[in-house]
Amino acid sequence: MMKVFGTVVIFLSFNFVKLEVSPNFTKCIDEFFYQKTAPMLKGLVGSTQICQRLGNQYYYATEYDTTNRIPYYSAYTLSFDKCGSRYNGWFVEPQLANQINPSMVQINKANNNIATFGGKQAVDVDYTGSGFDRGHLNPQLYHCETNDSRKSTNTLTNIAPQVRSFNQGIWNKFENTLYNISKKYCNFVGARRYYITGVLPSNSRSISNGRVNVPDHYWTAVCCDSSGANGALRNEGWSAGFVGENVENSSIFIYSIQNFLPTTSTTLFADYKDQNGYTVKNCLFNQHKADNIINEIASTDDRFIKEKTSLFARVCKYIYNGACSFYNRVFG
């Protein structure tokens, strides 16, 4: 890549990863969203849709909050390939810095500064010395197909500040548990696994002198899509929702998909009409199976709590004491 400072031309040795700002996810919506439909969420201020691409392949999609400089969510699918080594480099998106180049740029000593790329996104220096982990929404753990698939998750457009003990403790255990459950119950012929992981921004927590919001919660919704299966397997799909507070000594609250969202005005998984004309809502092909899976997950750790009330009640009433402006704007 070439950068010009005054009359001096400097060539920097960057590693490039293709990434594209793609309004409405037009270039990747068919690959990473159930029924080729993105979530219907309201009031996403400063929202930019990104198709995360490395080389000539797309790996997932991210709805990015350029105001808080964290993702709203990342949408991705899950494979069960054997994993290789972890990748530790980090990337930023030049198009969010008003540069034409569609290729994600690896952060190095020359460009790791706010002035170059940090106008609408976080850069690595924002996290340095913050005391928070660089928390993946789309985790490397779920992308074991190739080295490139793991590398593609290490973009700061897929990262939010995460309390270290939460990230490395109960949230990590949750990610592994959900992976194993999906491998056990959504690995039949014709099944496809769609995940959405997002955050709920806080009202007052931030790092880097207020530049990057520290979210109050991380959440995940999973859809085991059985619409492509044959025979009885077509009714084996299931869905569920999960949320954890981004604090020390946290727990993971587990929801039926019906209770995960408070109203029908927001949708994570689009309606699907099956071969008999029956409408499957929220990817809930088999509610009995979903209930059993929720019970099984809850039984693996005392900190996995099966929640009977709605996510709205949990997040707003119990934690924010009714101060739910962001939650109402996006999910209400």
# chains A, B, ... in the order shown; residues from 1 in each chain; ligands from 1
call {"tool": "select_by_dssp", "arguments": {"residues": "region 11-162 of chain A", "states": "alpha helix (DSSP H)", "output": "PyMOL selection string"}}
result
chain A and resi 29-32+114-117+124-127+147-151
call {"tool": "closest_residue", "arguments": {"among": "A:Gly131, A:Gly228, A:Gly169, A:Gly210", "to": "Arg192 (chain A)", "atoms": "only C-alpha atoms"}}
result
A:Gly228
call {"tool": "closest_residue", "arguments": {"among": "A:Phe253, A:Tyr34, A:Tyr87, A:Phe260", "to": "Thr153 (chain A)", "atoms": "only C-alpha atoms"}}
result
A:Tyr87
call {"tool": "select_by_dssp", "arguments": {"residues": "region 260-297 of chain A", "states": "strand (DSSP E or B)", "output": "list in words"}}
result
Thr267, Tyr272, Lys273, Thr279 and Val280 of chain A
call {"tool": "residues_around", "arguments": {"residues": "region 175-183 of chain A", "least_positions_apart": "4", "cutoff": "10 Å", "atoms": "only C-alpha atoms", "output": "ChimeraX atom specification"}}
result
/A:78-80,139,141-142,167,170-171,187-188,193,220,222-224,293-294,296-297,300-301
call {"tool": "closest_residue", "arguments": {"among": "A:Ser85, A:Ser74, A:Ser204, A:Asn147", "to": "Cys51 (chain A)", "atoms": "only C-alpha atoms"}}
result
A:Ser74
call {"tool": "closest_residue", "arguments": {"among": "A:His217, A:Arg69, A:Lys173, A:Lys36", "to": "Asn246 (chain A)", "atoms": "only C-alpha atoms"}}
result
A:His217
call {"tool": "residues_around", "arguments": {"residues": "region 124-128 of chain A", "least_positions_apart": "5", "cutoff": "12 Å", "atoms": "only C-alpha atoms", "output": "NGL selection string"}}
result
:A and (69-70 or 89-92 or 106-119 or 133-135 or 154-157 or 159-163 or 206-214)
call {"tool": "atom_distance", "arguments": {"atom1": "CA of Ala290 (chain A)", "atom2": "CA of Pro201 (chain A)"}}
result
28.5 Å
call {"tool": "residues_around", "arguments": {"residues": "Ile50 (chain A)", "least_positions_apart": "3", "cutoff": "9 Å", "atoms": "only C-alpha atoms", "output": "ChimeraX atom specification"}}
result
/A:19-25,28,53,60-64,157
call {"tool": "residues_around", "arguments": {"residues": "Gly46 (chain A)", "least_positions_apart": "2", "cutoff": "10 Å", "atoms": "only C-alpha atoms", "output": "ChimeraX atom specification"}}
result
/A:43-44,48,63-69,120
call {"tool": "write_last_selection", "arguments": {"atoms": "N, CA, C and O atoms", "output": "PDB file, in the first residue's frame"}}
result
ATOM      1  N   GLY A  43     -33.653   1.336  14.963  1.00  0.00           N
ATOM      2  CA  GLY A  43     -32.889   2.402  15.583  1.00  0.00           C
ATOM      3  C   GLY A  43     -31.406   2.176  15.680  1.00  0.00           C
ATOM      4  O   GLY A  43     -30.775   2.605  16.653  1.00  0.00           O
ATOM      5  N   LEU A  44     -30.801   1.499  14.695  1.00  0.00           N
ATOM      6  CA  LEU A  44     -29.357   1.263  14.739  1.00  0.00           C
ATOM      7  C   LEU A  44     -28.635   2.508  14.232  1.00  0.00           C
ATOM      8  O   LEU A  44     -28.326   2.651  13.061  1.00  0.00           O
ATOM      9  N   THR A  48     -23.399   0.571   9.840  1.00  0.00           N
ATOM     10  CA  THR A  48     -22.770   0.258   8.559  1.00  0.00           C
ATOM     11  C   THR A  48     -22.719  -1.257   8.407  1.00  0.00           C
ATOM     12  O   THR A  48     -22.295  -1.962   9.329  1.00  0.00           O
ATOM     13  N   GLU A  63     -22.857  -5.950  11.375  1.00  0.00           N
ATOM     14  CA  GLU A  63     -23.536  -4.649  11.453  1.00  0.00           C
ATOM     15  C   GLU A  63     -22.737  -3.821  12.450  1.00  0.00           C
ATOM     16  O   GLU A  63     -22.681  -4.150  13.645  1.00  0.00           O
ATOM     17  N   TYR A  64     -22.104  -2.733  11.971  1.00  0.00           N
ATOM     18  CA  TYR A  64     -21.133  -2.014  12.798  1.00  0.00           C
ATOM     19  C   TYR A  64     -21.667  -0.656  13.220  1.00  0.00           C
ATOM     20  O   TYR A  64     -22.252   0.088  12.425  1.00  0.00           O
ATOM     21  N   ASP A  65     -21.437  -0.321  14.488  1.00  0.00           N
ATOM     22  CA  ASP A  65     -21.868   0.937  15.092  1.00  0.00           C
ATOM     23  C   ASP A  65     -20.701   1.921  15.048  1.00  0.00           C
ATOM     24  O   ASP A  65     -19.785   1.856  15.867  1.00  0.00           O
ATOM     25  N   THR A  66     -20.724   2.838  14.089  1.00  0.00           N
ATOM     26  CA  THR A  66     -19.617   3.782  13.930  1.00  0.00           C
ATOM     27  C   THR A  66     -19.639   4.887  14.979  1.00  0.00           C
ATOM     28  O   THR A  66     -18.665   5.633  15.107  1.00  0.00           O
ATOM     29  N   THR A  67     -20.736   5.006  15.729  1.00  0.00           N
ATOM     30  CA  THR A  67     -20.806   5.996  16.810  1.00  0.00           C
ATOM     31  C   THR A  67     -20.085   5.489  18.058  1.00  0.00           C
ATOM     32  O   THR A  67     -19.240   6.176  18.633  1.00  0.00           O
ATOM     33  N   ASN A  68     -20.411   4.266  18.467  1.00  0.00           N
ATOM     34  CA  ASN A  68     -19.787   3.669  19.647  1.00  0.00           C
ATOM     35  C   ASN A  68     -18.511   2.903  19.328  1.00  0.00           C
ATOM     36  O   ASN A  68     -17.808   2.451  20.227  1.00  0.00           O
ATOM     37  N   ARG A  69     -18.233   2.721  18.033  1.00  0.00           N
ATOM     38  CA  ARG A  69     -17.033   2.030  17.546  1.00  0.00           C
ATOM     39  C   ARG A  69     -16.944   0.592  18.049  1.00  0.00           C
ATOM     40  O   ARG A  69     -15.879   0.097  18.429  1.00  0.00           O
ATOM     41  N   LYS A 120     -14.103   6.448  12.618  1.00  0.00           N
ATOM     42  CA  LYS A 120     -15.390   5.784  12.784  1.00  0.00           C
ATOM     43  C   LYS A 120     -15.256   4.357  13.297  1.00  0.00           C
ATOM     44  O   LYS A 120     -16.238   3.619  13.329  1.00  0.00           O
TER      45      LYS A 120
END
call {"tool": "closest_residue", "arguments": {"among": "A:Leu284, A:Leu268, A:Ile305, A:Val189", "to": "Leu41 (chain A)", "atoms": "only C-alpha atoms"}}
result
A:Leu268
call {"tool": "atom_distance", "arguments": {"atom1": "CA of Tyr278 (chain A)", "atom2": "CA of Ala75 (chain A)"}}
result
26.0 Å
call {"tool": "closest_residue", "arguments": {"among": "A:Lys273, A:Arg234, A:Lys308, A:His288", "to": "Asn259 (chain A)", "atoms": "only C-alpha atoms"}}
result
A:Lys308
call {"tool": "atom_distance", "arguments": {"atom1": "CA of Gln95 (chain A)", "atom2": "CA of Gln121 (chain A)"}}
result
10.2 Å
call {"tool": "residues_around", "arguments": {"residues": "Glu245 (chain A)", "least_positions_apart": "6", "cutoff": "8 Å", "atoms": "only C-alpha atoms", "output": "list in words"}}
result
Asp216, His217, Tyr218, Ser251 and Ile252 of chain A
call {"tool": "write_last_selection", "arguments": {"atoms": "N, CA, C and O atoms", "output": "PDB file, in the first residue's frame"}}
result
ATOM      1  N   ASP A 216     -22.702  -3.434  27.972  1.00  0.00           N
ATOM      2  CA  ASP A 216     -23.164  -4.023  29.225  1.00  0.00           C
ATOM      3  C   ASP A 216     -23.450  -5.517  29.090  1.00  0.00           C
ATOM      4  O   ASP A 216     -23.378  -6.252  30.063  1.00  0.00           O
ATOM      5  N   HIS A 217     -23.827  -5.951  27.888  1.00  0.00           N
ATOM      6  CA  HIS A 217     -24.185  -7.353  27.678  1.00  0.00           C
ATOM      7  C   HIS A 217     -23.666  -7.861  26.343  1.00  0.00           C
ATOM      8  O   HIS A 217     -23.581  -7.113  25.368  1.00  0.00           O
ATOM      9  N   TYR A 218     -23.357  -9.154  26.326  1.00  0.00           N
ATOM     10  CA  TYR A 218     -23.144  -9.917  25.093  1.00  0.00           C
ATOM     11  C   TYR A 218     -24.309 -10.887  24.933  1.00  0.00           C
ATOM     12  O   TYR A 218     -24.777 -11.457  25.925  1.00  0.00           O
ATOM     13  N   SER A 251     -23.169 -14.603  34.819  1.00  0.00           N
ATOM     14  CA  SER A 251     -23.891 -15.820  34.476  1.00  0.00           C
ATOM     15  C   SER A 251     -24.393 -15.700  33.043  1.00  0.00           C
ATOM     16  O   SER A 251     -24.424 -14.606  32.475  1.00  0.00           O
ATOM     17  N   ILE A 252     -24.807 -16.827  32.464  1.00  0.00           N
ATOM     18  CA  ILE A 252     -25.416 -16.847  31.144  1.00  0.00           C
ATOM     19  C   ILE A 252     -26.884 -17.216  31.307  1.00  0.00           C
ATOM     20  O   ILE A 252     -27.202 -18.284  31.856  1.00  0.00           O
TER      21      ILE A 252
END
